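With TSV, C-alpha atoms inside, this is data_27.tsv:
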chain	number	residue	atom	x	y	z
A	1	MET	CA	0.00	0.00	0.00
A	2	GLY	CA	1.48	3.35	-0.95
A	3	PHE	CA	0.66	6.22	1.36
A	4	ILE	CA	3.18	8.56	-0.28
A	5	VAL	CA	2.35	9.31	-3.92
A	6	ARG	CA	3.54	11.51	-6.76
A	7	ARG	CA	0.20	12.07	-8.51
A	8	ALA	CA	-2.89	14.20	-7.97
A	9	LEU	CA	-5.04	13.14	-5.00
A	10	SER	CA	-8.76	12.44	-5.30
A	11	VAL	CA	-10.90	12.83	-2.18
A	12	GLU	CA	-13.64	10.76	-3.84
A	13	THR	CA	-11.33	7.84	-4.60
A	14	ILE	CA	-9.83	7.81	-1.12
A	15	ALA	CA	-13.25	8.09	0.55
A	16	ARG	CA	-14.56	5.21	-1.58
A	17	ALA	CA	-11.77	3.01	-0.23
A	18	VAL	CA	-13.22	3.16	3.31
A	19	LEU	CA	-16.87	2.53	2.43
A	20	GLY	CA	-18.50	-0.52	3.97
A	21	PRO	CA	-22.09	-1.71	4.47
A	22	ASP	CA	-21.80	-1.38	8.25
A	23	ARG	CA	-20.10	2.03	8.19
A	24	GLY	CA	-22.56	4.82	7.49
A	25	ALA	CA	-20.42	7.79	8.47
A	26	VAL	CA	-17.50	8.98	6.34
A	27	ALA	CA	-15.37	11.92	7.46
A	28	THR	CA	-12.72	13.32	5.13
A	29	PHE	CA	-10.00	15.91	5.54
A	30	ALA	CA	-8.08	17.43	2.64
A	31	GLY	CA	-5.14	19.79	3.04
A	32	HIS	CA	-4.60	22.02	-0.02
A	33	VAL	CA	-1.69	24.26	-0.96
A	34	ARG	CA	-2.52	27.86	-0.03
A	35	ASN	CA	-1.14	31.01	-1.61
A	36	HIS	CA	0.18	32.67	1.52
A	37	GLN	CA	2.33	31.81	4.53
A	38	ASP	CA	3.15	34.20	7.35
A	39	GLY	CA	2.10	37.14	5.22
A	40	ARG	CA	4.18	36.14	2.18
A	41	GLU	CA	2.74	35.27	-1.21
A	42	VAL	CA	3.46	31.63	-2.09
A	43	LEU	CA	3.63	30.55	-5.75
A	44	ARG	CA	4.15	26.80	-5.33
A	45	LEU	CA	5.57	24.10	-3.06
A	46	GLU	CA	7.93	21.20	-3.29
A	47	TYR	CA	7.37	18.34	-0.84
A	48	SER	CA	10.03	15.72	-0.16
A	49	ALA	CA	10.01	12.74	2.17
A	50	TYR	CA	12.12	10.08	3.83
A	51	GLU	CA	9.95	7.66	1.96
A	52	PRO	CA	10.55	4.29	3.69
A	53	MET	CA	9.98	5.88	7.10
A	54	ALA	CA	7.04	7.98	5.87
A	55	GLU	CA	5.36	4.81	4.58
A	56	ALA	CA	6.07	2.97	7.85
A	57	GLU	CA	4.84	5.87	9.97
A	58	CYS	CA	1.60	6.26	7.95
A	59	ARG	CA	0.99	2.52	8.31
A	60	ARG	CA	1.47	2.75	12.08
A	61	ILE	CA	-0.90	5.75	12.30
A	62	VAL	CA	-3.61	3.89	10.36
A	63	GLU	CA	-3.16	0.79	12.53
A	64	GLU	CA	-3.26	2.81	15.75
A	65	ALA	CA	-6.41	4.67	14.66
A	66	SER	CA	-8.10	1.38	13.72
A	67	ALA	CA	-7.21	-0.01	17.16
A	68	ARG	CA	-8.50	3.07	19.03
A	69	TRP	CA	-11.80	3.50	17.16
A	70	PRO	CA	-14.08	1.08	15.26
A	71	VAL	CA	-13.21	2.71	11.95
A	72	ALA	CA	-11.61	2.12	8.56
A	73	VAL	CA	-8.90	4.62	7.58
A	74	ALA	CA	-7.36	5.63	4.25
A	75	LEU	CA	-4.61	8.18	3.86
A	76	GLU	CA	-2.46	9.60	1.07
A	77	HIS	CA	0.17	12.34	1.06
A	78	ARG	CA	1.44	13.74	-2.21
A	79	ILE	CA	5.09	14.74	-2.70
A	80	GLY	CA	6.96	16.52	-5.48
A	81	ARG	CA	6.00	19.85	-7.01
A	82	LEU	CA	2.52	21.12	-6.08
A	83	GLU	CA	0.70	24.22	-7.27
A	84	ILE	CA	-1.69	26.48	-5.36
A	85	GLY	CA	-4.96	24.64	-4.76
A	86	ASP	CA	-3.53	21.14	-5.21
A	87	ALA	CA	-4.42	18.65	-2.47
A	88	ALA	CA	-1.28	17.69	-0.53
A	89	VAL	CA	-2.88	15.28	1.92
A	90	VAL	CA	-6.21	13.47	2.14
A	91	VAL	CA	-7.57	11.45	5.07
A	92	ALA	CA	-10.82	9.45	4.92
A	93	VAL	CA	-12.32	7.66	7.91
A	94	SER	CA	-15.52	5.65	8.02
A	95	GLY	CA	-17.36	4.35	11.05
A	96	GLY	CA	-20.76	3.29	12.21
A	97	HIS	CA	-21.49	6.80	13.48
A	98	ARG	CA	-20.18	10.32	12.90
A	99	GLY	CA	-18.61	10.71	16.35
A	100	GLU	CA	-15.85	8.18	15.88
A	101	ALA	CA	-15.38	9.13	12.22
A	102	PHE	CA	-14.78	12.83	12.98
A	103	GLU	CA	-12.65	12.08	16.03
A	104	ALA	CA	-10.41	9.54	14.30
A	105	CYS	CA	-10.07	11.73	11.18
A	106	ARG	CA	-8.87	14.68	13.29
A	107	TRP	CA	-6.45	12.43	15.18
A	108	VAL	CA	-5.00	10.95	12.00
A	109	ILE	CA	-4.21	14.31	10.35
A	110	ASP	CA	-2.71	15.62	13.60
A	111	GLU	CA	-0.47	12.54	13.88
A	112	VAL	CA	0.56	12.82	10.20
A	113	LYS	CA	1.75	16.37	10.82
A	114	ARG	CA	3.51	15.36	14.03
A	115	ARG	CA	5.18	12.11	12.98
A	116	VAL	CA	5.56	11.60	9.23
A	117	PRO	CA	8.98	12.70	7.86
A	118	ILE	CA	7.93	15.05	5.08
A	119	TRP	CA	9.43	18.46	4.29
A	120	LYS	CA	8.10	21.41	2.36
A	121	ARG	CA	10.01	24.01	0.37
A	122	GLU	CA	8.06	27.18	-0.41
A	123	TYR	CA	8.67	29.33	-3.49
A	124	TYR	CA	7.60	32.94	-3.01
A	125	ALA	CA	6.39	35.66	-5.38
A	126	ASP	CA	9.48	37.76	-4.60
A	127	GLY	CA	11.71	35.07	-6.12
A	128	THR	CA	12.99	33.68	-2.81
A	129	GLU	CA	12.42	30.20	-1.44
A	130	SER	CA	12.87	28.46	1.88
A	131	TRP	CA	12.27	25.29	3.86
A	132	VAL	CA	9.20	25.50	6.06
A	133	ASP	CA	9.95	25.10	9.75
A	134	PRO	CA	6.67	24.92	11.68
A	135	THR	CA	8.59	25.08	14.96
A	136	ALA	CA	9.98	28.50	13.99
A	137	SER	CA	6.81	29.92	12.45
A	138	PRO	CA	6.17	33.60	13.27
A	139	LEU	CA	2.55	32.50	13.66
A	140	ALA	CA	3.69	30.40	16.59
A	141	THR	CA	5.95	33.03	18.14
A	142	GLY	CA	6.91	36.35	16.55
A	143	ALA	CA	3.69	37.37	14.85
A	144	LEU	CA	1.57	36.60	17.87
A	145	THR	CA	3.98	38.54	20.05
A	146	ALA	CA	3.87	41.44	17.62
A	147	ARG	CA	0.08	41.38	17.55
A	148	ALA	CA	-0.08	41.22	21.31
A	149	LYS	CA	2.17	44.28	21.46
A	150	GLU	CA	0.02	46.14	18.94
A	151	ALA	CA	-2.99	45.41	21.10
A	152	GLU	CA	-1.33	46.85	24.17
B	1	MET	CA	40.48	-9.79	9.59
B	2	LEU	CA	36.83	-8.97	9.10
B	3	HIS	CA	36.30	-8.50	12.83
B	4	ASP	CA	38.93	-5.76	12.87
B	5	MET	CA	37.14	-3.62	10.32
B	6	PRO	CA	35.17	-0.76	11.82
B	7	ALA	CA	31.44	-1.07	11.17
B	8	THR	CA	30.13	1.71	9.01
B	9	ILE	CA	26.97	3.50	10.07
B	10	ARG	CA	25.03	5.22	7.32
B	11	VAL	CA	23.44	8.51	8.34
B	12	LEU	CA	20.72	9.85	6.04
B	13	LEU	CA	20.21	13.60	5.63
B	14	PHE	CA	17.12	15.37	4.34
B	15	ALA	CA	15.91	18.81	3.25
B	16	ARG	CA	17.84	21.61	5.00
B	17	TYR	CA	20.25	19.18	6.66
B	18	ALA	CA	21.18	17.66	3.29
B	19	GLU	CA	21.94	21.19	2.06
B	20	LEU	CA	24.18	21.86	5.08
B	21	PHE	CA	26.46	18.99	4.12
B	22	GLY	CA	25.88	18.99	0.36
B	23	ALA	CA	25.04	15.29	0.60
B	24	ASP	CA	22.04	13.07	1.22
B	25	HIS	CA	24.03	10.66	3.38
B	26	LEU	CA	27.26	10.35	5.34
B	27	ASP	CA	29.11	7.23	6.45
B	28	LEU	CA	30.58	7.12	9.93
B	29	ALA	CA	32.96	4.63	11.47
B	30	GLY	CA	30.94	2.94	14.18
B	31	ARG	CA	32.28	2.44	17.69
B	32	PRO	CA	31.18	-0.10	20.28
B	33	GLY	CA	28.57	1.37	22.59
B	34	MET	CA	27.71	4.20	20.22
B	35	THR	CA	24.35	5.93	20.75
B	36	VAL	CA	22.19	8.14	18.53
B	37	SER	CA	23.57	11.18	20.41
B	38	ASP	CA	27.14	10.06	19.67
B	39	VAL	CA	26.28	9.87	15.97
B	40	VAL	CA	24.89	13.42	16.10
B	41	SER	CA	28.01	14.67	17.91
B	42	SER	CA	30.27	13.13	15.26
B	43	ILE	CA	28.23	14.61	12.43
B	44	ARG	CA	28.27	18.08	14.02
B	45	GLN	CA	32.07	18.07	13.90
B	46	LEU	CA	32.12	17.64	10.10
B	47	PRO	CA	32.22	20.62	7.72
B	48	GLY	CA	28.69	22.07	7.66
B	49	GLY	CA	27.88	20.48	10.99
B	50	ASP	CA	27.75	23.74	12.91
B	51	GLY	CA	24.39	24.42	11.25
B	52	LEU	CA	22.91	21.34	12.88
B	53	PRO	CA	21.08	21.75	16.20
B	54	SER	CA	22.64	19.93	19.15
B	55	ARG	CA	19.56	17.71	19.51
B	56	PRO	CA	17.93	17.28	16.10
B	57	LEU	CA	15.00	14.95	15.61
B	58	CYS	CA	16.48	11.55	14.79
B	59	ALA	CA	15.24	8.26	13.43
B	60	LEU	CA	16.73	4.83	13.94
B	61	ASN	CA	15.58	2.09	11.57
B	62	LEU	CA	12.51	4.04	10.40
B	63	ARG	CA	11.30	5.14	13.86
B	64	GLN	CA	11.85	8.36	15.76
B	65	ALA	CA	14.57	7.66	18.32
B	66	GLU	CA	15.83	9.03	21.62
B	67	GLY	CA	19.47	10.10	21.88
B	68	THR	CA	20.21	7.34	24.36
B	69	GLU	CA	19.33	4.51	21.96
B	70	PRO	CA	22.28	2.30	20.97
B	71	VAL	CA	23.37	2.18	17.33
B	72	ALA	CA	24.79	-1.03	15.87
B	73	ALA	CA	26.42	-1.93	12.58
B	74	GLY	CA	23.87	-2.06	9.79
B	75	ASP	CA	21.48	0.33	11.51
B	76	GLU	CA	20.08	3.23	9.52
B	77	VAL	CA	20.21	6.56	11.31
B	78	ALA	CA	18.46	9.62	9.87
B	79	LEU	CA	18.62	13.26	10.92
B	80	LEU	CA	15.22	14.86	10.44
B	81	PRO	CA	14.71	18.63	10.09
B	82	PRO	CA	11.47	19.96	11.62
B	83	LEU	CA	8.63	18.00	9.98
B	84	ALA	CA	6.34	19.96	7.66
B	85	GLY	CA	3.92	17.46	6.15
B	86	GLY	CA	0.20	18.01	5.77
With the file now loaded, output its structure as structure tokens.
Amino acid sequence: MGFIVRRALSVETIARAVLGPDRGAVATFAGHVRNHQDGREVLRLEYSAYEPMAEAECRRIVEEASARWPVAVALEHRIGRLEIGDAAVVVAVSGGHRGEAFEACRWVIDEVKRRVPIWKREYYADGTESWVDPTASPLATGALTARAKEAE
Amino acid sequence: MLHDMPATIRVLLFARYAELFGADHLDLAGRPGMTVSDVVSSIRQLPGGDGLPSRPLCALNLRQAEGTEPVAAGDEVALLPPLAGG
């Protein structure tokens, strides 16, 4: 099973993979490339991965979710060059009821962001580019501090 | 003589860390009792290594690993820049 792919993602296809006659609730999450980051205009992205570990980690996340909730889980993350609006990650979870489907879907995307070794290079409108470091995001530190100061 | 040859440990580098060293992997001579932290310390002494944090996220054999975990010949160590998937 390939969790890491180099082609366009289809929410419909991934959601269909978790359908079952006893599972009436399907929750999906799709993360798309947006055109701005920390106030800068983004033109496109390049995702790369430590593929063997990314595959292993996605498999563990799916297994852990299936053990925690009575659900079926499908997950794909795209790598390579992506344009604005392209889906970078899709999660689909089906269960007997919406509660477990929503809950497990949220957990899976959070764990993907926390554990799967994937990196993102952003290309900006001003011609510059850089690796994205969520731990150093101004949204997490600087910008909030600046906004708090403005509010004072 | 095989037992006298130092075991080589392959260290994989990704994204910004690969750029620091201009390589996607480095080979280190393994030492008995070596840990993940020892591997990081050795790598930080190489040219480009001063750009590496003292405690980067590491993986050992496809799992995130603590610095105290022992590294043996044939293990695959990877230094992981801050993850940015999703």
Next on the checklist: Given the point (-13.7, 6.8, 13.0) in the file's coordinates, find the residues that have an atom at most 12 Å from it, counting all atoms listed in the file, and give them as JSON, numbers by chain.
Outcome noted: {"A": [18, 19, 23, 24, 25, 26, 27, 28, 62, 64, 65, 66, 67, 68, 69, 70, 71, 72, 73, 74, 91, 92, 93, 94, 95, 96, 97, 98, 99, 100, 101, 102, 103, 104, 105, 106, 107, 108]}
Can you list, as a PDB file with C-alpha atoms, in the coordinates of the input, every protein, DNA or RNA residue that comes within 10 Å of B:Arg31 when you count only C-alpha atoms, leaving out same-chain residues fewer than 5 positions away?
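Written out: around01.pdb:
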ATOM      1  CA  PRO B   6      35.170  -0.760  11.820  1.00  0.00           C
ATOM      2  CA  ALA B   7      31.440  -1.070  11.170  1.00  0.00           C
ATOM      3  CA  THR B   8      30.130   1.710   9.010  1.00  0.00           C
ATOM      4  CA  ILE B   9      26.970   3.500  10.070  1.00  0.00           C
ATOM      5  CA  ASP B  38      27.140  10.060  19.670  1.00  0.00           C
ATOM      6  CA  VAL B  39      26.280   9.870  15.970  1.00  0.00           C
ATOM      7  CA  VAL B  71      23.370   2.180  17.330  1.00  0.00           C
ATOM      8  CA  ALA B  72      24.790  -1.030  15.870  1.00  0.00           C
ATOM      9  CA  ALA B  73      26.420  -1.930  12.580  1.00  0.00           C
TER      10      ALA B  73
END
Return as lines of an AutoDock Vina configuration file the centre and edge lengths, in Å with one decimal, of the box along x, y and z that encloses every atom of stretch 79-90 of chain A in the file, padded by 6 Å per side.
center_x = 0.4
center_y = 20.0
center_z = -2.6
size_x = 25.2
size_y = 25.0
size_z = 21.4
Can you pull out every residue within 7 Å of B:Pro82, counting all atoms listed in the file, but drop anything in the same chain fewer than 4 positions away, and send it as a PDB file with C-alpha atoms, in the coordinates of the input?
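Listed below is the output, part-v6.pdb:
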ATOM      1  CA  ASP A 133       9.950  25.100   9.750  1.00  0.00           C
ATOM      2  CA  PRO A 134       6.670  24.920  11.680  1.00  0.00           C
ATOM      3  CA  THR A 135       8.590  25.080  14.960  1.00  0.00           C
TER       4      THR A 135
END
Item to check | Shell around A:Val90 at 6 Å using all atoms listed in the file, local window under 5 positions removed, as a list in words | outcome: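 Residues near the query, excluding close chain neighbours: Phe29, Ala30, Leu75 and Glu76 of chain A.
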I'd like a table as JSON lines: residues in chain A with an atom no more than 8 Å from chain B, each row giving the shortest atom pair and its distance in Å to one decimal, only C-alpha atoms counted, sorted by chain and rising residue number.
{"residue": "A:Gly31", "atom": "CA", "partner": "B:Gly86", "partner_atom": "CA", "distance": 6.3}
{"residue": "A:Tyr47", "atom": "CA", "partner": "B:Gly85", "partner_atom": "CA", "distance": 7.8}
{"residue": "A:Ser48", "atom": "CA", "partner": "B:Ala15", "partner_atom": "CA", "distance": 7.5}
{"residue": "A:Ala49", "atom": "CA", "partner": "B:Phe14", "partner_atom": "CA", "distance": 7.9}
{"residue": "A:Tyr50", "atom": "CA", "partner": "B:Phe14", "partner_atom": "CA", "distance": 7.3}
{"residue": "A:Pro52", "atom": "CA", "partner": "B:Leu62", "partner_atom": "CA", "distance": 7.0}
{"residue": "A:Met53", "atom": "CA", "partner": "B:Leu62", "partner_atom": "CA", "distance": 4.5}
{"residue": "A:Ala56", "atom": "CA", "partner": "B:Leu62", "partner_atom": "CA", "distance": 7.0}
{"residue": "A:Glu57", "atom": "CA", "partner": "B:Arg63", "partner_atom": "CA", "distance": 7.6}
{"residue": "A:His77", "atom": "CA", "partner": "B:Gly86", "partner_atom": "CA", "distance": 7.4}
{"residue": "A:Ala88", "atom": "CA", "partner": "B:Gly86", "partner_atom": "CA", "distance": 6.5}
{"residue": "A:Val89", "atom": "CA", "partner": "B:Gly86", "partner_atom": "CA", "distance": 5.6}
{"residue": "A:Ile109", "atom": "CA", "partner": "B:Gly86", "partner_atom": "CA", "distance": 7.4}
{"residue": "A:Val112", "atom": "CA", "partner": "B:Gly86", "partner_atom": "CA", "distance": 6.8}
{"residue": "A:Lys113", "atom": "CA", "partner": "B:Gly85", "partner_atom": "CA", "distance": 5.3}
{"residue": "A:Arg114", "atom": "CA", "partner": "B:Leu83", "partner_atom": "CA", "distance": 7.0}
{"residue": "A:Arg115", "atom": "CA", "partner": "B:Leu83", "partner_atom": "CA", "distance": 7.5}
{"residue": "A:Val116", "atom": "CA", "partner": "B:Gly85", "partner_atom": "CA", "distance": 6.8}
{"residue": "A:Pro117", "atom": "CA", "partner": "B:Leu83", "partner_atom": "CA", "distance": 5.7}
{"residue": "A:Ile118", "atom": "CA", "partner": "B:Gly85", "partner_atom": "CA", "distance": 4.8}
{"residue": "A:Trp119", "atom": "CA", "partner": "B:Ala84", "partner_atom": "CA", "distance": 4.8}
{"residue": "A:Lys120", "atom": "CA", "partner": "B:Ala84", "partner_atom": "CA", "distance": 5.8}
{"residue": "A:Trp131", "atom": "CA", "partner": "B:Arg16", "partner_atom": "CA", "distance": 6.8}
{"residue": "A:Val132", "atom": "CA", "partner": "B:Ala84", "partner_atom": "CA", "distance": 6.4}
{"residue": "A:Asp133", "atom": "CA", "partner": "B:Pro82", "partner_atom": "CA", "distance": 5.7}
{"residue": "A:Pro134", "atom": "CA", "partner": "B:Ala84", "partner_atom": "CA", "distance": 6.4}
{"residue": "A:Thr135", "atom": "CA", "partner": "B:Pro82", "partner_atom": "CA", "distance": 6.8}
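Proximity to A:Ile61 was assessed for A:Asp110, A:Asp22, A:Glu46, A:Glu83 counting all atoms listed in the file; the smallest distance is recorded for A:Asp110.
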Checklist entry - When you draw a straight line from atom CA of A:Arg6 to atom CA of A:Glu51, how long is it in Å? => result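 So the two atoms, atom CA of A:Arg6 and atom CA of A:Glu51, lie 11.5 Å apart.
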Could chain B be written out with C-alpha atoms, as a PDB file, in the first residue's frame, please?
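Listed below is the output, result-v1.pdb:
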ATOM      1  CA  MET B   1      40.481  -9.791   9.589  1.00  0.00           C
ATOM      2  CA  LEU B   2      36.826  -8.965   9.104  1.00  0.00           C
ATOM      3  CA  HIS B   3      36.302  -8.503  12.831  1.00  0.00           C
ATOM      4  CA  ASP B   4      38.926  -5.762  12.868  1.00  0.00           C
ATOM      5  CA  MET B   5      37.137  -3.620  10.323  1.00  0.00           C
ATOM      6  CA  PRO B   6      35.166  -0.763  11.820  1.00  0.00           C
ATOM      7  CA  ALA B   7      31.443  -1.074  11.170  1.00  0.00           C
ATOM      8  CA  THR B   8      30.126   1.705   9.009  1.00  0.00           C
ATOM      9  CA  ILE B   9      26.972   3.503  10.073  1.00  0.00           C
ATOM     10  CA  ARG B  10      25.025   5.221   7.322  1.00  0.00           C
ATOM     11  CA  VAL B  11      23.441   8.513   8.337  1.00  0.00           C
ATOM     12  CA  LEU B  12      20.724   9.852   6.043  1.00  0.00           C
ATOM     13  CA  LEU B  13      20.215  13.600   5.628  1.00  0.00           C
ATOM     14  CA  PHE B  14      17.125  15.372   4.344  1.00  0.00           C
ATOM     15  CA  ALA B  15      15.906  18.805   3.254  1.00  0.00           C
ATOM     16  CA  ARG B  16      17.841  21.605   5.000  1.00  0.00           C
ATOM     17  CA  TYR B  17      20.247  19.176   6.660  1.00  0.00           C
ATOM     18  CA  ALA B  18      21.184  17.661   3.287  1.00  0.00           C
ATOM     19  CA  GLU B  19      21.940  21.190   2.061  1.00  0.00           C
ATOM     20  CA  LEU B  20      24.185  21.864   5.080  1.00  0.00           C
ATOM     21  CA  PHE B  21      26.461  18.989   4.123  1.00  0.00           C
ATOM     22  CA  GLY B  22      25.885  18.992   0.365  1.00  0.00           C
ATOM     23  CA  ALA B  23      25.044  15.288   0.599  1.00  0.00           C
ATOM     24  CA  ASP B  24      22.045  13.073   1.221  1.00  0.00           C
ATOM     25  CA  HIS B  25      24.027  10.658   3.384  1.00  0.00           C
ATOM     26  CA  LEU B  26      27.264  10.353   5.344  1.00  0.00           C
ATOM     27  CA  ASP B  27      29.110   7.228   6.453  1.00  0.00           C
ATOM     28  CA  LEU B  28      30.579   7.122   9.934  1.00  0.00           C
ATOM     29  CA  ALA B  29      32.960   4.629  11.467  1.00  0.00           C
ATOM     30  CA  GLY B  30      30.942   2.936  14.181  1.00  0.00           C
ATOM     31  CA  ARG B  31      32.276   2.441  17.693  1.00  0.00           C
ATOM     32  CA  PRO B  32      31.183  -0.105  20.280  1.00  0.00           C
ATOM     33  CA  GLY B  33      28.565   1.370  22.590  1.00  0.00           C
ATOM     34  CA  MET B  34      27.711   4.198  20.224  1.00  0.00           C
ATOM     35  CA  THR B  35      24.353   5.926  20.749  1.00  0.00           C
ATOM     36  CA  VAL B  36      22.189   8.135  18.533  1.00  0.00           C
ATOM     37  CA  SER B  37      23.570  11.177  20.415  1.00  0.00           C
ATOM     38  CA  ASP B  38      27.140  10.058  19.670  1.00  0.00           C
ATOM     39  CA  VAL B  39      26.280   9.870  15.972  1.00  0.00           C
ATOM     40  CA  VAL B  40      24.888  13.421  16.104  1.00  0.00           C
ATOM     41  CA  SER B  41      28.015  14.672  17.915  1.00  0.00           C
ATOM     42  CA  SER B  42      30.270  13.132  15.261  1.00  0.00           C
ATOM     43  CA  ILE B  43      28.234  14.612  12.426  1.00  0.00           C
ATOM     44  CA  ARG B  44      28.271  18.080  14.019  1.00  0.00           C
ATOM     45  CA  GLN B  45      32.075  18.066  13.897  1.00  0.00           C
ATOM     46  CA  LEU B  46      32.121  17.640  10.104  1.00  0.00           C
ATOM     47  CA  PRO B  47      32.219  20.624   7.715  1.00  0.00           C
ATOM     48  CA  GLY B  48      28.693  22.072   7.659  1.00  0.00           C
ATOM     49  CA  GLY B  49      27.879  20.479  10.990  1.00  0.00           C
ATOM     50  CA  ASP B  50      27.748  23.736  12.914  1.00  0.00           C
ATOM     51  CA  GLY B  51      24.390  24.419  11.250  1.00  0.00           C
ATOM     52  CA  LEU B  52      22.910  21.338  12.877  1.00  0.00           C
ATOM     53  CA  PRO B  53      21.084  21.753  16.205  1.00  0.00           C
ATOM     54  CA  SER B  54      22.639  19.926  19.147  1.00  0.00           C
ATOM     55  CA  ARG B  55      19.563  17.714  19.512  1.00  0.00           C
ATOM     56  CA  PRO B  56      17.932  17.279  16.104  1.00  0.00           C
ATOM     57  CA  LEU B  57      15.000  14.954  15.612  1.00  0.00           C
ATOM     58  CA  CYS B  58      16.484  11.545  14.789  1.00  0.00           C
ATOM     59  CA  ALA B  59      15.242   8.259  13.431  1.00  0.00           C
ATOM     60  CA  LEU B  60      16.733   4.826  13.936  1.00  0.00           C
ATOM     61  CA  ASN B  61      15.579   2.091  11.572  1.00  0.00           C
ATOM     62  CA  LEU B  62      12.511   4.045  10.404  1.00  0.00           C
ATOM     63  CA  ARG B  63      11.297   5.136  13.865  1.00  0.00           C
ATOM     64  CA  GLN B  64      11.852   8.362  15.759  1.00  0.00           C
ATOM     65  CA  ALA B  65      14.572   7.660  18.316  1.00  0.00           C
ATOM     66  CA  GLU B  66      15.831   9.034  21.615  1.00  0.00           C
ATOM     67  CA  GLY B  67      19.470  10.101  21.879  1.00  0.00           C
ATOM     68  CA  THR B  68      20.214   7.337  24.362  1.00  0.00           C
ATOM     69  CA  GLU B  69      19.331   4.508  21.962  1.00  0.00           C
ATOM     70  CA  PRO B  70      22.284   2.301  20.965  1.00  0.00           C
ATOM     71  CA  VAL B  71      23.370   2.179  17.329  1.00  0.00           C
ATOM     72  CA  ALA B  72      24.785  -1.032  15.874  1.00  0.00           C
ATOM     73  CA  ALA B  73      26.417  -1.929  12.579  1.00  0.00           C
ATOM     74  CA  GLY B  74      23.874  -2.060   9.792  1.00  0.00           C
ATOM     75  CA  ASP B  75      21.477   0.335  11.508  1.00  0.00           C
ATOM     76  CA  GLU B  76      20.082   3.228   9.523  1.00  0.00           C
ATOM     77  CA  VAL B  77      20.211   6.564  11.309  1.00  0.00           C
ATOM     78  CA  ALA B  78      18.456   9.616   9.867  1.00  0.00           C
ATOM     79  CA  LEU B  79      18.621  13.255  10.923  1.00  0.00           C
ATOM     80  CA  LEU B  80      15.224  14.861  10.442  1.00  0.00           C
ATOM     81  CA  PRO B  81      14.710  18.628  10.090  1.00  0.00           C
ATOM     82  CA  PRO B  82      11.466  19.957  11.619  1.00  0.00           C
ATOM     83  CA  LEU B  83       8.632  17.996   9.975  1.00  0.00           C
ATOM     84  CA  ALA B  84       6.341  19.960   7.660  1.00  0.00           C
ATOM     85  CA  GLY B  85       3.924  17.458   6.151  1.00  0.00           C
ATOM     86  CA  GLY B  86       0.198  18.013   5.766  1.00  0.00           C
TER      87      GLY B  86
END
